[in-house]
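Since the structure comes first, as structure tokens, the remarks are kept for the end.
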Amino acid sequence: MFDHEREVIEEKIKVFCTENDIPLTSIEWKPLPFSGEWGISTSFFQAAANEARSGKKVNVPQRAQEIAEGVREHLGTPEGFSRVEAVKGYLNLYFSTAEYARRVVETVLRDKADFGRGAPKGERVMVEYAQPNTHHSFHIGHYRNAILGESLARLVEFAGFETIRASYPGDIGLGVITVLWIYDKFYKGQEPEGIHERGQWLLKLYVEATQLLEPKEDETPEARAQREAYDAERREMLRKWDAGDPYVRELWLRTREWSLEELRAILEMLDIHIDVWFYESEVDEPAKEIVEELIARGIAEDERPEGPVIVRIDEKLGLKKEKYRTAVILRSDGTTLYLTKDLALAKIKFEKYGVDRSIYVVDTRQSLHFQQVFKILELWGFPQAEKCYHLGYGFVSLPEGAMSARRGRVVLFKDVADEAVRRVLSVESEKSPDLSEEERRAVAQKIGLGALAYAMLSVDNNKDTVFDMDAALSFEGRTGPYIQNAHVRAASILRKAGPLAGRATSRTPDFDYNLTPHEIRLIDLISRFPATVEQAAQEYRPLVMATYAYDLATAFHSFYHAVPVLQAEEEGIRLARLALVAAAKQTIANALRLLVIHAPEVM
RNA sequence: GCCCCCGUAGCUCAAUGGAUAGAGCGCCUGACUUCGAAUCAGUAGGUUGUGGGUUCGAGUCCCGCCGGGGGCGCCA
């Protein structure tokens, strides 16, 4: 945000170093650790170390300090800065707060929802997430995936990438057929009312079917014969699906739609809007063609009929140790695999959608799978392969152990969301008694889902988590509602200010009074928002934004308590602080938006 | 056997190779006749699993070891 000032100073530092024969390599700026003042900082350890390496006998920390002092004298006090100091090898430049504060607030109030948006990057990125299997129900693990993917999509989009959101439901496979089988055999014609009821019912059928089809200990010969007969029926159904049997296909499409309806309803609730839907079943045929091409080009080896079609990735790359191993891309019976379909899908993404970089938000347990996909794409000759990225995340387990759809041991997202709303409502009636019933529900949903989203996004993605309802739905401390509350408090002040708020925001007031450290801290954080967006997007890490949003909210809450706004003595100060409150509110809202969390006016 | 991830306060987690390793929860102390207490201010709590190495500087990078989790030719 202060690039120009920085460049001017960098130029001067370079001149000083050249004149004094100091081997400066690069200048890197960091925000000054906050201690009541606000500014930027750089250090000279690198330059001093360079001298040491070139043979001069120097003590690096001492020499760094000498250089810093030299630079300080050379710079004097540049335009726009209040003071410059050299401490322990660091050069610290403190901003003249009045001018900088005004500039920050003015920028935010001018750009509004666009404050922090990066310049167009000229690249198209596709983020693939929301890949639940159909004929199941959406559980809390799927939720982590969806919220992580959506936050990432919003981040890269806001940072300046043209962004396409893709969903890839697994709509076929033995698990799906298992549900079709039991439905057709025992429940034909039944259909619960209600989108979520219907979706969840499919999961119940799956659990029941699994029990019927799983071998038991000490099973009687009759039971065993029964089970094997069931299994034969199931396999026959899979064969029929594969052969395009009209009856099985119709049944499959109809029940699949029940799942997809539920998925769409949940995504809608989460404010997620998918641009492109890929279905596993649709890439099956293209996948087969790809195998032929890879064989023809000598990348894959056909061991049929004795074995499958494979790619010896390590061998092709000339690696001695096993790393990517050998991947099977076609079963010996000619059917495709997960990997085959991902190859086909990647080709479609590159060629049909023209994506330059491709991000896969998928469980970290599949990291070998994706490494294999990316390496095969590379061997195949796609230049985009190096810009493919697997954003893995740790799986979500329950206090009683891993979730298991087969055993029906899952925590459904819908149940958690409902519970979240209930809990918010119970505290809300006392917090804001004036709301209408309708408003109250709408707000409760925003707060409940905000708590949930923040609980997911505030943990580094590669860590496994145990889902704890009480922790995830906590509203106090480092949580979504804490941040939302800062936004609400800002909104409240602006409402109470009446016409004064309009005056404060239409023409940015001056900040030429003695700012408190609370105000400076707040402005400091606001000014860091654009760089934070860039960093989070560059590193594909929503956590960076989650941490920032909390820090910003903390700064606002502290400011709120310590610094009077409407009660400030002079009108000039009132106006300036009102403008600052408006800027803080806007920045909090922008940050929350990137975390897929609503910023309500009241709560 | 090989590969990947993790190990930081009692618990859950942060920390582009930089200044005194930070938050939340929990514990204890204070602050609502005052812009909304889902808040704030403060106390206590650490040999960053361990042994080496690189570096002016290591929680962070490299190597070994210990502990936990995940993955590895026809599941997804």
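Residue numbering restarts at 1 for every chain of the structure tokens, chains are lettered A, B, ... in their displayed order, and ligands are numbered from 1 as they appear.
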
Using 7 Å as the limit and counting only C-alpha atoms (C1' of nucleotides), can you tabulate each residue of chain B that touches chain A, with its shortest atom-to-atom distance in Å and the two atoms involved, as a Markdown table?
```
| residue | atom | partner | partner_atom | distance |
| --- | --- | --- | --- | --- |
| B:C2 | C1' | A:Glu322 | CA | 6.2 |
| B:C3 | C1' | A:Lys323 | CA | 5.8 |
| B:C13 | C1' | A:Val459 | CA | 6.8 |
| B:G24 | C1' | A:Arg478 | CA | 5.3 |
| B:C35 | C1' | A:Ile493 | CA | 5.4 |
| B:G36 | C1' | A:Arg489 | CA | 6.3 |
| B:A38 | C1' | A:Glu476 | CA | 5.7 |
| B:U39 | C1' | A:His557 | CA | 6.8 |
| B:C40 | C1' | A:His561 | CA | 6.1 |
| B:C56 | C1' | A:Val60 | CA | 4.7 |
| B:G70 | C1' | A:Arg365 | CA | 5.9 |
| B:G71 | C1' | A:Arg365 | CA | 6.4 |
| B:G73 | C1' | A:Val328 | CA | 5.5 |
| B:C74 | C1' | A:Arg331 | CA | 4.6 |
| B:A76 | C1' | A:Tyr338 | CA | 6.2 |
```

May I have all residues of range 160-400 of chain A that DSSP, computed from the backbone, assigns to alpha helix (DSSP H), given as number ranges by chain?
A: 174-186, 195-213, 221-243, 246-269, 284-296, 313-317, 338-351, 367-380

In Å to one decimal, how far is CA of Ile147 in chain A from CA of Gln372 in chain A?
25.9 Å

In Å, how far is it from CA of Thr178 in chain A to CA of Glu262 in chain A?
19.4 Å

Who sits within 12 Å of Ala579 in chain A, only C-alpha atoms (C1' of nucleotides), same chain under 2 positions skipped, as a PyMOL selection string
chain A and resi 101-110+490-491+493-494+497+500-511+519+523+565-566+572-577+581-586

Grab the residues selected above and save them as a short mmCIF file (atom, residue, chain, number, x, y, z; two decimals), in the first residue's frame with N, CA and C atoms.
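Wrote it out as out.cif, contents follow:
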```cif
data_model
loop_
_atom_site.label_atom_id
_atom_site.label_comp_id
_atom_site.auth_asym_id
_atom_site.auth_seq_id
_atom_site.Cartn_x
_atom_site.Cartn_y
_atom_site.Cartn_z
N ALA A 101 -2.59 7.29 7.88
CA ALA A 101 -3.90 6.87 8.37
C ALA A 101 -4.98 7.33 7.40
N ARG A 102 -4.88 8.57 6.99
CA ARG A 102 -5.86 9.13 6.08
C ARG A 102 -5.87 8.34 4.78
N ARG A 103 -4.70 8.02 4.29
CA ARG A 103 -4.62 7.33 3.01
C ARG A 103 -5.25 5.93 3.10
N VAL A 104 -4.97 5.22 4.21
CA VAL A 104 -5.52 3.87 4.38
C VAL A 104 -7.05 3.93 4.42
N VAL A 105 -7.55 4.78 5.27
CA VAL A 105 -9.01 4.87 5.44
C VAL A 105 -9.67 5.28 4.13
N GLU A 106 -9.07 6.23 3.46
CA GLU A 106 -9.63 6.71 2.21
C GLU A 106 -9.69 5.60 1.16
N THR A 107 -8.63 4.81 1.09
CA THR A 107 -8.59 3.71 0.12
C THR A 107 -9.71 2.71 0.39
N VAL A 108 -9.88 2.35 1.64
CA VAL A 108 -10.91 1.36 1.98
C VAL A 108 -12.30 1.90 1.64
N LEU A 109 -12.55 3.15 2.03
CA LEU A 109 -13.88 3.71 1.82
C LEU A 109 -14.16 3.94 0.34
N ARG A 110 -13.13 4.11 -0.44
CA ARG A 110 -13.30 4.28 -1.88
C ARG A 110 -13.56 2.92 -2.55
N ALA A 490 -19.30 -2.41 14.99
CA ALA A 490 -18.97 -1.29 14.11
C ALA A 490 -20.25 -0.76 13.47
N ALA A 491 -21.08 -1.69 13.03
CA ALA A 491 -22.34 -1.29 12.38
C ALA A 491 -23.20 -0.49 13.37
N ILE A 493 -22.26 1.36 15.92
CA ILE A 493 -21.76 2.73 16.11
C ILE A 493 -22.17 3.62 14.94
N LEU A 494 -22.03 3.08 13.74
CA LEU A 494 -22.35 3.88 12.55
C LEU A 494 -23.84 4.21 12.51
N ALA A 497 -24.54 6.95 14.93
CA ALA A 497 -23.93 8.23 14.55
C ALA A 497 -24.87 9.06 13.69
N LEU A 500 -23.92 11.98 10.88
CA LEU A 500 -22.48 12.20 11.03
C LEU A 500 -21.68 11.11 10.30
N ALA A 501 -22.21 9.91 10.29
CA ALA A 501 -21.54 8.80 9.62
C ALA A 501 -21.37 9.09 8.14
N GLY A 502 -22.41 9.64 7.54
CA GLY A 502 -22.35 9.96 6.13
C GLY A 502 -21.27 10.99 5.85
N ARG A 503 -21.21 11.99 6.73
CA ARG A 503 -20.19 13.03 6.54
C ARG A 503 -18.79 12.44 6.65
N ALA A 504 -18.63 11.53 7.60
CA ALA A 504 -17.31 10.95 7.84
C ALA A 504 -16.83 10.11 6.67
N THR A 505 -17.79 9.44 6.00
CA THR A 505 -17.37 8.53 4.94
C THR A 505 -17.39 9.15 3.55
N SER A 506 -18.14 10.22 3.36
CA SER A 506 -18.19 10.79 2.02
C SER A 506 -16.92 11.57 1.70
N ARG A 507 -16.42 12.29 2.68
CA ARG A 507 -15.12 12.95 2.46
C ARG A 507 -14.23 12.55 3.64
N THR A 508 -13.13 11.83 3.32
CA THR A 508 -12.30 11.31 4.40
C THR A 508 -11.74 12.42 5.27
N PRO A 509 -11.98 12.35 6.55
CA PRO A 509 -11.50 13.39 7.46
C PRO A 509 -9.98 13.30 7.67
N ASP A 510 -9.43 14.31 8.28
CA ASP A 510 -8.01 14.31 8.61
C ASP A 510 -7.77 13.57 9.92
N PHE A 511 -6.58 12.99 10.01
CA PHE A 511 -6.21 12.28 11.24
C PHE A 511 -5.06 13.01 11.93
N GLU A 519 -5.78 2.97 17.85
CA GLU A 519 -6.16 3.40 16.50
C GLU A 519 -5.08 3.03 15.50
N ILE A 523 -5.37 0.64 12.20
CA ILE A 523 -5.05 1.10 10.84
C ILE A 523 -3.93 0.25 10.24
N VAL A 565 -15.74 6.99 20.43
CA VAL A 565 -15.94 7.47 19.06
C VAL A 565 -16.99 8.58 19.09
N LEU A 566 -18.24 8.19 19.39
CA LEU A 566 -19.31 9.18 19.41
C LEU A 566 -19.14 10.16 20.56
N GLY A 572 -13.87 16.96 15.03
CA GLY A 572 -12.89 16.48 14.06
C GLY A 572 -12.46 15.05 14.38
N ILE A 573 -12.25 14.81 15.66
CA ILE A 573 -11.84 13.48 16.08
C ILE A 573 -12.99 12.49 15.92
N ARG A 574 -14.18 12.94 16.26
CA ARG A 574 -15.35 12.07 16.06
C ARG A 574 -15.46 11.62 14.61
N LEU A 575 -15.29 12.58 13.71
CA LEU A 575 -15.41 12.26 12.29
C LEU A 575 -14.32 11.28 11.86
N ALA A 576 -13.10 11.55 12.30
CA ALA A 576 -12.00 10.68 11.90
C ALA A 576 -12.23 9.26 12.42
N ARG A 577 -12.64 9.17 13.67
CA ARG A 577 -12.84 7.83 14.25
C ARG A 577 -14.02 7.11 13.61
N VAL A 581 -13.90 3.53 11.89
CA VAL A 581 -14.84 2.44 12.19
C VAL A 581 -15.44 1.90 10.90
N ALA A 582 -15.81 2.80 9.99
CA ALA A 582 -16.39 2.37 8.72
C ALA A 582 -15.37 1.55 7.92
N ALA A 583 -14.13 1.98 7.96
CA ALA A 583 -13.09 1.26 7.21
C ALA A 583 -12.82 -0.11 7.83
N ALA A 584 -12.84 -0.15 9.16
CA ALA A 584 -12.63 -1.42 9.84
C ALA A 584 -13.78 -2.37 9.52
N LYS A 585 -14.98 -1.85 9.57
CA LYS A 585 -16.16 -2.68 9.27
C LYS A 585 -16.05 -3.27 7.87
N GLN A 586 -15.69 -2.42 6.92
CA GLN A 586 -15.57 -2.89 5.54
C GLN A 586 -14.50 -3.96 5.40
#
```

Pull the strand (DSSP E or B) assignments for range 137-206 of chain A out of DSSP run on the backbone, and list those residues as a VMD selection string.
chain A and resid 139 162 to 167 170

Saved selection, atoms kept: all heavy atoms, as an mmCIF file, in the first residue's frame:
```
data_model
loop_
_atom_site.group_PDB
_atom_site.id
_atom_site.type_symbol
_atom_site.label_atom_id
_atom_site.label_comp_id
_atom_site.auth_asym_id
_atom_site.auth_seq_id
_atom_site.Cartn_x
_atom_site.Cartn_y
_atom_site.Cartn_z
ATOM 1 N N HIS A 139 -21.670 -35.500 4.919
ATOM 2 C CA HIS A 139 -21.270 -35.462 6.322
ATOM 3 C C HIS A 139 -20.225 -34.379 6.598
ATOM 4 O O HIS A 139 -19.834 -33.628 5.702
ATOM 5 C CB HIS A 139 -20.805 -36.842 6.815
ATOM 6 C CG HIS A 139 -19.613 -37.416 6.104
ATOM 7 N ND1 HIS A 139 -18.384 -36.807 6.099
ATOM 8 C CD2 HIS A 139 -19.476 -38.560 5.389
ATOM 9 C CE1 HIS A 139 -17.543 -37.539 5.416
ATOM 10 N NE2 HIS A 139 -18.161 -38.605 4.962
ATOM 11 N N GLU A 162 -8.700 -15.609 -12.864
ATOM 12 C CA GLU A 162 -9.999 -15.994 -13.375
ATOM 13 C C GLU A 162 -10.272 -17.387 -12.820
ATOM 14 O O GLU A 162 -9.462 -18.292 -12.993
ATOM 15 C CB GLU A 162 -9.965 -16.032 -14.910
ATOM 16 C CG GLU A 162 -11.317 -16.224 -15.516
ATOM 17 C CD GLU A 162 -11.243 -16.509 -17.015
ATOM 18 O OE1 GLU A 162 -10.222 -16.158 -17.638
ATOM 19 O OE2 GLU A 162 -12.186 -17.099 -17.537
ATOM 20 N N THR A 163 -11.387 -17.561 -12.125
ATOM 21 C CA THR A 163 -11.581 -18.779 -11.340
ATOM 22 C C THR A 163 -12.815 -19.564 -11.753
ATOM 23 O O THR A 163 -13.894 -18.994 -11.918
ATOM 24 C CB THR A 163 -11.695 -18.394 -9.849
ATOM 25 O OG1 THR A 163 -10.529 -17.662 -9.483
ATOM 26 C CG2 THR A 163 -11.816 -19.626 -8.963
ATOM 27 N N ILE A 164 -12.628 -20.855 -11.926
ATOM 28 C CA ILE A 164 -13.758 -21.742 -12.225
ATOM 29 C C ILE A 164 -13.907 -22.742 -11.079
ATOM 30 O O ILE A 164 -12.942 -23.389 -10.687
ATOM 31 C CB ILE A 164 -13.532 -22.523 -13.537
ATOM 32 C CG1 ILE A 164 -13.265 -21.571 -14.699
ATOM 33 C CG2 ILE A 164 -14.734 -23.411 -13.842
ATOM 34 C CD1 ILE A 164 -12.899 -22.272 -15.996
ATOM 35 N N ARG A 165 -15.117 -22.826 -10.548
ATOM 36 C CA ARG A 165 -15.388 -23.771 -9.453
ATOM 37 C C ARG A 165 -15.952 -25.055 -10.041
ATOM 38 O O ARG A 165 -16.948 -25.006 -10.770
ATOM 39 C CB ARG A 165 -16.393 -23.159 -8.485
ATOM 40 C CG ARG A 165 -15.853 -21.978 -7.694
ATOM 41 C CD ARG A 165 -17.023 -21.175 -7.131
ATOM 42 N NE ARG A 165 -16.605 -20.163 -6.188
ATOM 43 C CZ ARG A 165 -16.109 -18.971 -6.513
ATOM 44 N NH1 ARG A 165 -15.959 -18.643 -7.791
ATOM 45 N NH2 ARG A 165 -15.757 -18.110 -5.585
ATOM 46 N N ALA A 166 -15.340 -26.163 -9.697
ATOM 47 C CA ALA A 166 -15.789 -27.439 -10.250
ATOM 48 C C ALA A 166 -16.136 -28.430 -9.153
ATOM 49 O O ALA A 166 -15.453 -28.519 -8.145
ATOM 50 C CB ALA A 166 -14.700 -28.029 -11.149
ATOM 51 N N SER A 167 -17.231 -29.139 -9.386
ATOM 52 C CA SER A 167 -17.626 -30.215 -8.479
ATOM 53 C C SER A 167 -17.534 -31.525 -9.262
ATOM 54 O O SER A 167 -17.733 -31.550 -10.476
ATOM 55 C CB SER A 167 -19.061 -29.986 -8.001
ATOM 56 O OG SER A 167 -19.532 -31.115 -7.299
ATOM 57 N N GLY A 170 -18.841 -38.517 -7.200
ATOM 58 C CA GLY A 170 -18.602 -39.908 -7.574
ATOM 59 C C GLY A 170 -19.937 -40.599 -7.681
ATOM 60 O O GLY A 170 -20.514 -41.013 -6.688
#
```

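Between CA of Glu99 in chain A and CA of Thr532 in chain A lies a distance of 22.4 Å.
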
Would you pick out the contacts of Ala405 in chain A at 10 Å or less, using only C-alpha atoms (C1' of nucleotides), so that residues sharing its chain but fewer than 3 positions from it are not included, and give the list as a PDB file with N, CA, C and O atoms, in the first residue's frame?
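File produced: out-v5.pdb:
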```pdb
ATOM      1  N   HIS A 136     -25.217 -41.294  -0.980  1.00  0.00           N
ATOM      2  CA  HIS A 136     -24.790 -41.200   0.408  1.00  0.00           C
ATOM      3  C   HIS A 136     -25.340 -39.883   0.892  1.00  0.00           C
ATOM      4  O   HIS A 136     -25.979 -39.178   0.133  1.00  0.00           O
ATOM      5  N   SER A 137     -25.031 -39.515   2.117  1.00  0.00           N
ATOM      6  CA  SER A 137     -25.441 -38.196   2.554  1.00  0.00           C
ATOM      7  C   SER A 137     -24.201 -37.385   2.904  1.00  0.00           C
ATOM      8  O   SER A 137     -23.135 -37.925   3.122  1.00  0.00           O
ATOM      9  N   HIS A 139     -21.670 -35.500   4.919  1.00  0.00           N
ATOM     10  CA  HIS A 139     -21.270 -35.462   6.322  1.00  0.00           C
ATOM     11  C   HIS A 139     -20.225 -34.379   6.598  1.00  0.00           C
ATOM     12  O   HIS A 139     -19.834 -33.628   5.702  1.00  0.00           O
ATOM     13  N   LEU A 203     -28.381 -43.117   2.650  1.00  0.00           N
ATOM     14  CA  LEU A 203     -27.267 -43.548   3.492  1.00  0.00           C
ATOM     15  C   LEU A 203     -27.713 -44.706   4.389  1.00  0.00           C
ATOM     16  O   LEU A 203     -26.981 -45.675   4.580  1.00  0.00           O
ATOM     17  N   LYS A 204     -28.928 -44.609   4.911  1.00  0.00           N
ATOM     18  CA  LYS A 204     -29.444 -45.700   5.755  1.00  0.00           C
ATOM     19  C   LYS A 204     -29.520 -47.005   4.962  1.00  0.00           C
ATOM     20  O   LYS A 204     -29.183 -48.076   5.466  1.00  0.00           O
ATOM     21  N   TYR A 206     -27.706 -47.815   2.484  1.00  0.00           N
ATOM     22  CA  TYR A 206     -26.340 -48.286   2.247  1.00  0.00           C
ATOM     23  C   TYR A 206     -25.826 -49.069   3.456  1.00  0.00           C
ATOM     24  O   TYR A 206     -25.222 -50.141   3.309  1.00  0.00           O
ATOM     25  N   VAL A 207     -26.081 -48.520   4.631  1.00  0.00           N
ATOM     26  CA  VAL A 207     -25.632 -49.191   5.853  1.00  0.00           C
ATOM     27  C   VAL A 207     -26.298 -50.562   5.977  1.00  0.00           C
ATOM     28  O   VAL A 207     -25.643 -51.567   6.266  1.00  0.00           O
ATOM     29  N   THR A 210     -24.881 -52.995   3.437  1.00  0.00           N
ATOM     30  CA  THR A 210     -23.543 -53.460   3.803  1.00  0.00           C
ATOM     31  C   THR A 210     -23.619 -54.585   4.825  1.00  0.00           C
ATOM     32  O   THR A 210     -22.880 -55.564   4.737  1.00  0.00           O
ATOM     33  N   ALA A 402     -12.726 -43.078  13.687  1.00  0.00           N
ATOM     34  CA  ALA A 402     -12.905 -42.626  12.314  1.00  0.00           C
ATOM     35  C   ALA A 402     -14.370 -42.719  11.909  1.00  0.00           C
ATOM     36  O   ALA A 402     -15.103 -43.580  12.391  1.00  0.00           O
ATOM     37  N   GLY A 408     -22.426 -46.532   9.137  1.00  0.00           N
ATOM     38  CA  GLY A 408     -23.397 -45.522   9.522  1.00  0.00           C
ATOM     39  C   GLY A 408     -22.893 -44.636  10.637  1.00  0.00           C
ATOM     40  O   GLY A 408     -23.644 -43.897  11.250  1.00  0.00           O
ATOM     41  N   ARG A 409     -21.578 -44.699  10.894  1.00  0.00           N
ATOM     42  CA  ARG A 409     -21.030 -43.869  11.963  1.00  0.00           C
ATOM     43  C   ARG A 409     -20.499 -42.575  11.367  1.00  0.00           C
ATOM     44  O   ARG A 409     -19.305 -42.421  11.116  1.00  0.00           O
ATOM     45  N   VAL A 410     -21.407 -41.661  11.104  1.00  0.00           N
ATOM     46  CA  VAL A 410     -21.028 -40.378  10.522  1.00  0.00           C
ATOM     47  C   VAL A 410     -21.788 -39.276  11.241  1.00  0.00           C
ATOM     48  O   VAL A 410     -22.847 -39.520  11.819  1.00  0.00           O
ATOM     49  N   VAL A 411     -21.216 -38.091  11.195  1.00  0.00           N
ATOM     50  CA  VAL A 411     -21.942 -36.923  11.687  1.00  0.00           C
ATOM     51  C   VAL A 411     -22.396 -36.165  10.455  1.00  0.00           C
ATOM     52  O   VAL A 411     -21.574 -35.685   9.677  1.00  0.00           O
TER      53      VAL A 411
END
```

With only C-alpha atoms (C1' of nucleotides) as the counted atoms, please give the residues lying no more than 10 Å from Lys14 in chain A, apart from itself and same-chain residues fewer than 5 positions off, as a compact mmCIF listing (two decimals) with N, CA, C and O atoms, in the first residue's frame.
```
# COMPACT_ATOMS: atom_id res chain seq x y z
N ILE A 9 12.90 4.92 -0.86
CA ILE A 9 13.89 4.63 0.18
C ILE A 9 14.86 3.53 -0.28
O ILE A 9 16.07 3.61 -0.04
N GLU A 19 28.02 3.41 -2.92
CA GLU A 19 29.07 4.37 -2.59
C GLU A 19 30.04 3.84 -1.55
O GLU A 19 31.23 4.13 -1.57
N ASN A 20 29.51 3.05 -0.61
CA ASN A 20 30.36 2.57 0.47
C ASN A 20 30.85 1.14 0.27
O ASN A 20 31.37 0.52 1.20
N ILE A 22 29.26 -1.67 -0.09
CA ILE A 22 28.61 -2.70 0.73
C ILE A 22 27.84 -3.65 -0.19
O ILE A 22 27.01 -3.19 -0.98
N PRO A 23 28.15 -4.95 -0.09
CA PRO A 23 27.54 -5.93 -1.02
C PRO A 23 26.10 -6.26 -0.66
O PRO A 23 25.80 -7.34 -0.16
N LEU A 24 25.21 -5.35 -0.99
CA LEU A 24 23.79 -5.56 -0.69
C LEU A 24 23.20 -6.47 -1.77
O LEU A 24 23.43 -6.25 -2.96
N THR A 25 22.47 -7.50 -1.37
CA THR A 25 21.87 -8.37 -2.39
C THR A 25 20.42 -7.98 -2.66
O THR A 25 20.03 -7.73 -3.79
N SER A 26 19.60 -7.95 -1.62
CA SER A 26 18.23 -7.55 -1.85
C SER A 26 17.70 -6.86 -0.59
O SER A 26 18.25 -7.02 0.49
N ILE A 27 16.63 -6.13 -0.78
CA ILE A 27 16.02 -5.46 0.37
C ILE A 27 14.64 -6.03 0.59
O ILE A 27 13.80 -6.01 -0.31
N VAL A 71 23.05 3.87 7.04
CA VAL A 71 21.90 4.13 6.18
C VAL A 71 20.98 5.16 6.84
O VAL A 71 20.46 6.06 6.18
```
